[in-house]
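Student: File follows, target_5.tsv with TSV, C-alpha atoms:
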```tsv
chain	number	residue	atom	x	y	z
A	1	MET	CA	115.08	139.10	146.81
A	2	ILE	CA	111.39	138.86	147.53
A	3	ALA	CA	109.36	141.32	145.49
A	4	PRO	CA	106.98	143.13	147.88
A	5	GLN	CA	103.99	143.56	145.60
A	6	GLY	CA	102.06	142.07	142.72
A	7	ARG	CA	103.28	139.00	140.91
A	8	GLY	CA	106.65	138.72	142.56
A	9	ILE	CA	108.48	139.07	139.26
A	10	ALA	CA	111.95	140.52	139.24
A	11	GLY	CA	113.31	142.41	136.30
A	12	PRO	CA	115.68	140.88	133.75
A	13	ASP	CA	118.76	142.29	135.47
A	14	THR	CA	117.91	140.40	138.65
A	15	ALA	CA	117.00	137.24	136.74
A	16	ALA	CA	120.42	137.21	135.13
A	17	LYS	CA	122.35	137.32	138.41
A	18	ALA	CA	124.06	134.11	139.43
A	19	ASP	CA	123.53	135.00	143.11
A	20	THR	CA	119.74	134.72	142.79
A	21	PHE	CA	117.62	131.63	143.49
A	22	ARG	CA	114.10	131.72	142.11
A	23	ILE	CA	111.25	129.67	143.62
A	24	LEU	CA	108.10	129.22	141.52
A	25	HIS	CA	104.86	127.94	143.08
A	26	VAL	CA	102.34	126.45	140.64
A	27	SER	CA	98.66	125.51	140.94
A	28	THR	CA	95.72	125.69	138.52
A	29	GLY	CA	94.14	129.15	138.58
A	30	ASN	CA	96.82	131.02	140.55
A	31	VAL	CA	94.12	132.47	142.80
A	32	CYS	CA	94.06	129.99	145.73
A	33	ARG	CA	96.80	127.47	146.46
A	34	SER	CA	99.82	128.99	144.74
A	35	PRO	CA	99.15	132.53	146.04
A	36	ILE	CA	98.82	131.12	149.55
A	37	THR	CA	102.07	129.20	149.12
A	38	GLU	CA	103.90	132.16	147.58
A	39	ARG	CA	102.92	134.61	150.29
A	40	LEU	CA	103.52	132.14	153.14
A	41	THR	CA	106.97	131.47	151.70
A	42	ARG	CA	107.75	135.18	151.63
A	43	HIS	CA	106.46	135.62	155.16
A	44	ALA	CA	108.53	132.72	156.49
A	45	LEU	CA	111.69	133.87	154.71
A	46	THR	CA	111.30	137.35	156.14
A	47	ASP	CA	110.92	135.81	159.59
A	48	ARG	CA	114.07	133.74	159.17
A	49	LEU	CA	116.32	136.11	157.22
A	50	GLY	CA	115.09	139.52	158.36
A	51	ASP	CA	116.15	141.07	155.05
A	52	PRO	CA	115.27	138.49	152.38
A	53	PHE	CA	116.91	140.63	149.69
A	54	ALA	CA	120.28	139.80	151.22
A	55	GLY	CA	119.52	136.09	150.86
A	56	GLY	CA	119.09	136.31	147.09
A	57	LEU	CA	115.75	134.51	147.03
A	58	VAL	CA	112.93	135.41	144.60
A	59	VAL	CA	109.48	133.93	145.24
A	60	GLU	CA	106.67	133.94	142.67
A	61	SER	CA	103.72	131.88	141.44
A	62	ALA	CA	101.64	131.06	138.36
A	63	GLY	CA	98.79	128.82	137.26
A	64	THR	CA	98.62	126.15	134.56
A	65	TRP	CA	95.21	127.65	133.72
A	66	GLY	CA	96.05	130.93	135.38
A	67	HIS	CA	93.46	133.67	135.73
A	68	GLU	CA	95.64	136.39	134.25
A	69	GLY	CA	95.29	139.64	136.20
A	70	ALA	CA	92.71	138.20	138.63
A	71	PRO	CA	92.83	139.05	142.33
A	72	MET	CA	93.50	136.39	144.91
A	73	GLU	CA	90.37	134.50	145.99
A	74	ALA	CA	88.85	136.25	149.04
A	75	HIS	CA	89.02	133.21	151.32
A	76	ALA	CA	92.68	132.71	150.37
A	77	ALA	CA	93.44	136.29	151.35
A	78	THR	CA	91.64	135.80	154.67
A	79	VAL	CA	93.65	132.66	155.41
A	80	LEU	CA	96.91	134.47	154.67
A	81	ALA	CA	96.01	137.34	156.96
A	82	ASP	CA	95.07	134.88	159.70
A	83	LEU	CA	98.51	133.26	159.36
A	84	GLY	CA	100.26	136.62	159.55
A	85	ALA	CA	101.19	136.87	155.86
A	86	ASP	CA	100.43	139.76	153.50
A	87	PRO	CA	97.83	139.08	150.76
A	88	ASP	CA	97.84	142.63	149.35
A	89	GLY	CA	98.73	143.53	145.78
A	90	PHE	CA	98.52	140.05	144.30
A	91	THR	CA	97.43	139.45	140.70
A	92	GLY	CA	97.15	136.05	139.03
A	93	ARG	CA	99.04	134.99	135.94
A	94	GLU	CA	99.19	132.11	133.50
A	95	LEU	CA	102.24	129.85	133.58
A	96	LEU	CA	104.56	130.59	130.65
A	97	ASP	CA	107.74	129.01	129.37
A	98	GLU	CA	109.79	131.93	130.63
A	99	HIS	CA	108.64	131.30	134.20
A	100	VAL	CA	109.84	127.70	134.08
A	101	ILE	CA	113.10	128.65	132.37
A	102	ARG	CA	113.91	131.20	135.06
A	103	ALA	CA	112.96	129.02	138.04
A	104	ASP	CA	115.59	127.21	140.09
A	105	LEU	CA	112.92	125.31	142.05
A	106	VAL	CA	109.32	124.67	140.99
A	107	LEU	CA	106.92	123.52	143.71
A	108	THR	CA	103.48	122.43	142.53
A	109	ALA	CA	100.24	121.73	144.34
A	110	THR	CA	99.65	118.33	142.71
A	111	ARG	CA	101.31	115.63	140.65
A	112	ASP	CA	99.30	116.73	137.61
A	113	HIS	CA	100.74	120.23	137.90
A	114	ARG	CA	104.22	118.74	138.22
A	115	ALA	CA	103.67	116.70	135.06
A	116	GLN	CA	102.45	119.77	133.18
A	117	VAL	CA	105.50	121.79	134.17
A	118	ILE	CA	107.87	118.98	133.19
A	119	SER	CA	106.06	118.54	129.86
A	120	MET	CA	106.96	122.14	129.00
A	121	GLY	CA	110.58	121.03	128.72
A	122	HIS	CA	113.43	123.37	129.65
A	123	SER	CA	115.13	120.59	131.65
A	124	ALA	CA	112.59	121.15	134.40
A	125	GLY	CA	112.39	117.56	135.64
A	126	LEU	CA	115.21	117.72	138.18
A	127	ARG	CA	113.96	120.96	139.74
A	128	THR	CA	110.21	120.37	139.78
A	129	PHE	CA	108.46	118.67	142.70
A	130	THR	CA	105.11	118.77	144.36
A	131	LEU	CA	105.34	120.78	147.57
A	132	LYS	CA	104.66	117.77	149.77
A	133	GLU	CA	107.08	115.61	147.79
A	134	PHE	CA	109.83	118.16	148.29
A	135	THR	CA	109.04	118.38	152.00
A	136	ARG	CA	109.33	114.60	152.34
A	137	LEU	CA	112.68	114.55	150.52
A	138	VAL	CA	114.07	117.53	152.42
A	139	ARG	CA	113.32	115.85	155.76
A	140	ALA	CA	115.65	113.02	154.73
A	141	ILE	CA	118.60	115.33	153.93
A	142	ASP	CA	121.20	115.92	156.63
A	143	PRO	CA	121.52	119.73	156.93
A	144	ALA	CA	125.16	119.30	157.90
A	145	THR	CA	125.86	118.20	154.31
A	146	LEU	CA	124.58	121.51	152.90
A	147	PRO	CA	126.60	124.73	152.42
A	148	ASP	CA	126.74	127.19	155.29
A	149	PRO	CA	123.98	129.79	154.75
A	150	GLU	CA	125.76	132.37	156.90
A	151	ARG	CA	128.60	133.05	154.50
A	152	ALA	CA	128.31	135.42	151.54
A	153	GLY	CA	126.03	133.89	148.92
A	154	GLY	CA	125.47	130.94	151.22
A	155	VAL	CA	121.68	130.89	151.08
A	156	VAL	CA	121.62	130.61	147.28
A	157	GLU	CA	124.41	128.02	147.29
A	158	ARG	CA	122.57	126.05	149.97
A	159	ALA	CA	119.29	126.24	148.04
A	160	ARG	CA	120.90	124.88	144.88
A	161	ALA	CA	122.53	122.04	146.82
A	162	LEU	CA	119.21	121.22	148.50
A	163	VAL	CA	117.44	120.85	145.15
A	164	GLN	CA	120.20	118.60	143.83
A	165	ALA	CA	120.09	116.42	146.95
A	166	ALA	CA	116.29	116.14	146.79
A	167	ALA	CA	116.38	115.16	143.11
A	168	ALA	CA	118.92	112.43	143.89
A	169	LEU	CA	116.64	111.00	146.59
A	170	ARG	CA	113.42	111.06	144.59
A	171	GLY	CA	113.66	107.52	143.21
A	172	TRP	CA	114.55	106.08	146.61
A	173	LEU	CA	112.10	107.82	148.94
A	174	LEU	CA	108.65	107.24	147.49
A	175	ALA	CA	105.32	108.55	148.75
A	176	PRO	CA	103.38	106.11	150.97
A	177	ASN	CA	100.33	106.62	148.75
A	178	ALA	CA	99.16	108.74	145.82
A	179	GLU	CA	97.37	111.27	148.03
A	180	ALA	CA	100.46	112.00	150.10
A	181	ASP	CA	101.85	114.42	147.52
A	182	GLU	CA	98.62	116.31	146.79
A	183	VAL	CA	97.30	119.66	148.03
A	184	HIS	CA	93.64	119.70	147.05
A	185	ASP	CA	91.94	122.67	145.41
A	186	PRO	CA	89.77	124.70	147.82
A	187	TYR	CA	88.27	126.87	145.06
A	188	GLY	CA	84.54	127.35	145.74
A	189	ALA	CA	84.77	125.68	149.15
A	190	PRO	CA	83.85	127.30	152.49
A	191	ILE	CA	86.39	129.22	154.54
A	192	THR	CA	86.87	126.24	156.88
A	193	PHE	CA	88.31	124.17	154.03
A	194	PHE	CA	90.52	127.06	152.94
A	195	ARG	CA	91.85	127.26	156.49
A	196	SER	CA	92.67	123.55	156.49
A	197	ILE	CA	94.49	123.92	153.17
A	198	GLY	CA	96.34	126.97	154.48
A	199	ASP	CA	97.49	125.02	157.54
A	200	GLU	CA	98.48	122.08	155.34
A	201	ILE	CA	100.60	124.31	153.12
A	202	ASN	CA	102.13	126.12	156.09
A	203	GLN	CA	103.16	122.86	157.73
A	204	ALA	CA	104.66	121.55	154.49
A	205	LEU	CA	106.64	124.75	153.95
A	206	ASP	CA	108.17	124.94	157.42
A	207	PRO	CA	110.83	122.20	157.06
A	208	VAL	CA	111.60	123.34	153.51
A	209	LEU	CA	112.31	126.92	154.54
A	210	THR	CA	114.28	125.80	157.57
A	211	ALA	CA	116.43	123.65	155.30
A	212	LEU	CA	116.84	126.48	152.78
A	213	THR	CA	117.91	129.08	155.32
A	214	GLY	CA	119.41	126.99	158.11
A	215	ARG	CA	117.13	128.81	160.53
A	216	THR	CA	113.94	127.77	162.29
A	217	ALA	CA	110.83	129.94	162.56
A	218	GLY	CA	111.29	132.78	165.03
A	219	SER	CA	115.06	132.28	165.30
```
Just give me the structure as structure tokens.
Tutor:
Amino acid sequence: MIAPQGRGIAGPDTAAKADTFRILHVSTGNVCRSPITERLTRHALTDRLGDPFAGGLVVESAGTWGHEGAPMEAHAATVLADLGADPDGFTGRELLDEHVIRADLVLTATRDHRAQVISMGHSAGLRTFTLKEFTRLVRAIDPATLPDPERAGGVVERARALVQAAAALRGWLLAPNAEADEVHDPYGAPITFFRSIGDEINQALDPVLTALTGRTAGS
């Protein structure tokens, strides 16, 4: 399920369902990078699945120093609209323990964010990656080894298997350099930098969402 408005939070009944897979995007203020990533993820899943609710996926975001209740930064909203995604109805929130506990996959903007999430505990280490780190690992996984997403519950089963496979590869497939796993903060920068960050995030998400769903963009 992808919640259509606001924070992307599902109710407790949905959170308790075993057929749900929850993706949490994390940045600092939850007004730039993580909102862009959240809404681009929703947009891409809708493109691939048609009815994301049937896939069992929940997409949300939060910030390690989240601006609770704040609107998305205006340039971030512009970038999303330019990329065809919906920026409307978003409100920022601060990262809480419950968000990490409920998440099946946490994708962060930077290594510092990843470290902060892992430091919260809740056995988060094996399901927390930077976005670019996860993309690099996913590219190395043979999709034929993952569950069939077309069968009932297949998307959730495939997503869980993908996270496990990525975690197993992490110690073997290292980043070429420290910057390779970072998405830099555009807060306060001109729209041109926001657009470059939006493109960077979009490109990093594409192979991840193809691997999750077994479908390419526009298929």
Student: Once you count all atoms listed in the file, what closest atom pair and distance in Å to one decimal does each residue of range 9-94 of chain A within 12 Å of range 176-183 of chain A have, with rows by chain and rising residue number, as a tab-separated table?
Tutor:
```
residue	atom	partner	partner_atom	distance
A:Val26	CA	A:Val183	CA	11.2
A:Ser27	CA	A:Val183	CA	9.3
A:Thr28	CA	A:Val183	CA	11.4
A:Cys32	CA	A:Val183	CA	11.1
A:Arg33	CA	A:Val183	CA	8.0
A:Ser34	CA	A:Val183	CA	10.2
A:Ile36	CA	A:Val183	CA	11.7
A:Thr37	CA	A:Val183	CA	10.7
```
Student: Which of these, A:Ala85, A:Gly55, A:Leu80, A:Trp65, has the shortest distance to Arg151 in chain A once you count all atoms listed in the file?
Tutor: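 Once distances to Arg151 in chain A are computed over all atoms listed in the file, the minimum belongs to A:Gly55.
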Student: One decimal, Å: what's the distance from CA of Asp47 in chain A over to CA of Arg215 in chain A, could you say?
Tutor: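 Result for CA of Asp47 in chain A versus CA of Arg215 in chain A: 9.4 Å, one decimal.
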Student: Would you mind reading off the distance between CA of Gly121 in chain A and CA of His25 in chain A, one decimal, in Å?
Tutor: 16.9 Å
Student: Using all atoms listed in the file, which residue out of A:Ala204, A:Ala165, A:Val155, A:Leu173 lies closest to Leu40 in chain A?
Tutor: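 Of A:Ala204, A:Ala165, A:Val155, A:Leu173, the one nearest Leu40 in chain A, counting all atoms listed in the file, is A:Ala204.
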Student: Between A:Ser196, A:Thr64, A:Thr213, A:Thr135, which one has atoms that come closest to Gly154 in chain A, using all atoms listed in the file?
Tutor: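 Going through A:Ser196, A:Thr64, A:Thr213, A:Thr135 one by one, the smallest distance to Gly154 in chain A is for A:Thr213.
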Student: For a quick check of understanding, using only C-alpha atoms, which of A:Ile191, A:Leu205, A:Leu162, A:Leu131 has the smallest distance to Ala217 in chain A?
Tutor: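 Under the stated criterion, the closest residue is A:Leu205.
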Student: In Å, rounded to a single decimal, give me how far CA of Leu96 in chain A is from CA of Arg114 in chain A.
Tutor: 14.1 Å
Student: Excluding Gly84 in chain A and any residue of its chain fewer than 5 positions from it, enumerate the residues within 10 Å of it, using only C-alpha atoms, and give them as a ChimeraX atom specification.
Tutor: /A:39-40,43-44,78-79
Student: Would you mind telling me which residue in A:Gly56, A:Gly50, A:Pro143, A:Gly92 lies nearest to Gly214 in chain A when using all atoms listed in the file?
Tutor: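 Among the listed residues, the smallest separation from Gly214 in chain A belongs to A:Pro143.
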Student: Measuring atom to atom with only C-alpha atoms, identify which of A:Asp148, A:Glu133, A:Glu200, A:Glu60 is nearest to Leu169 in chain A.
Tutor: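 Closest residue, counting only C-alpha atoms: A:Glu133.
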Student: Which protein, DNA or RNA residues are at most 12 Å from (123.0, 124.2, 146.5) in the file's coordinates when you count only C-alpha atoms, listed as a PDB file with C-alpha atoms, keeping the file's coordinate frame?
Tutor:
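Full text of point_26.pdb as output:
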```
ATOM      1  CA  ASP A  19     123.530 135.000 143.110  1.00  0.00           C
ATOM      2  CA  THR A  20     119.740 134.720 142.790  1.00  0.00           C
ATOM      3  CA  PHE A  21     117.620 131.630 143.490  1.00  0.00           C
ATOM      4  CA  ASP A 104     115.590 127.210 140.090  1.00  0.00           C
ATOM      5  CA  LEU A 105     112.920 125.310 142.050  1.00  0.00           C
ATOM      6  CA  ARG A 127     113.960 120.960 139.740  1.00  0.00           C
ATOM      7  CA  PRO A 143     121.520 119.730 156.930  1.00  0.00           C
ATOM      8  CA  THR A 145     125.860 118.200 154.310  1.00  0.00           C
ATOM      9  CA  LEU A 146     124.580 121.510 152.900  1.00  0.00           C
ATOM     10  CA  PRO A 147     126.600 124.730 152.420  1.00  0.00           C
ATOM     11  CA  ASP A 148     126.740 127.190 155.290  1.00  0.00           C
ATOM     12  CA  PRO A 149     123.980 129.790 154.750  1.00  0.00           C
ATOM     13  CA  GLY A 153     126.030 133.890 148.920  1.00  0.00           C
ATOM     14  CA  GLY A 154     125.470 130.940 151.220  1.00  0.00           C
ATOM     15  CA  VAL A 155     121.680 130.890 151.080  1.00  0.00           C
ATOM     16  CA  VAL A 156     121.620 130.610 147.280  1.00  0.00           C
ATOM     17  CA  GLU A 157     124.410 128.020 147.290  1.00  0.00           C
ATOM     18  CA  ARG A 158     122.570 126.050 149.970  1.00  0.00           C
ATOM     19  CA  ALA A 159     119.290 126.240 148.040  1.00  0.00           C
ATOM     20  CA  ARG A 160     120.900 124.880 144.880  1.00  0.00           C
ATOM     21  CA  ALA A 161     122.530 122.040 146.820  1.00  0.00           C
ATOM     22  CA  LEU A 162     119.210 121.220 148.500  1.00  0.00           C
ATOM     23  CA  VAL A 163     117.440 120.850 145.150  1.00  0.00           C
ATOM     24  CA  GLN A 164     120.200 118.600 143.830  1.00  0.00           C
ATOM     25  CA  ALA A 165     120.090 116.420 146.950  1.00  0.00           C
ATOM     26  CA  ALA A 166     116.290 116.140 146.790  1.00  0.00           C
ATOM     27  CA  ALA A 167     116.380 115.160 143.110  1.00  0.00           C
ATOM     28  CA  ALA A 211     116.430 123.650 155.300  1.00  0.00           C
ATOM     29  CA  LEU A 212     116.840 126.480 152.780  1.00  0.00           C
ATOM     30  CA  THR A 213     117.910 129.080 155.320  1.00  0.00           C
TER      31      THR A 213
END
```
Student: Using all atoms listed in the file, list the residues that have an atom at most 9 Å from (96.5, 141.5, 138.4), coordinates as in the file, as a ChimeraX atom specification.
Tutor: /A:6-7,67-72,89-93
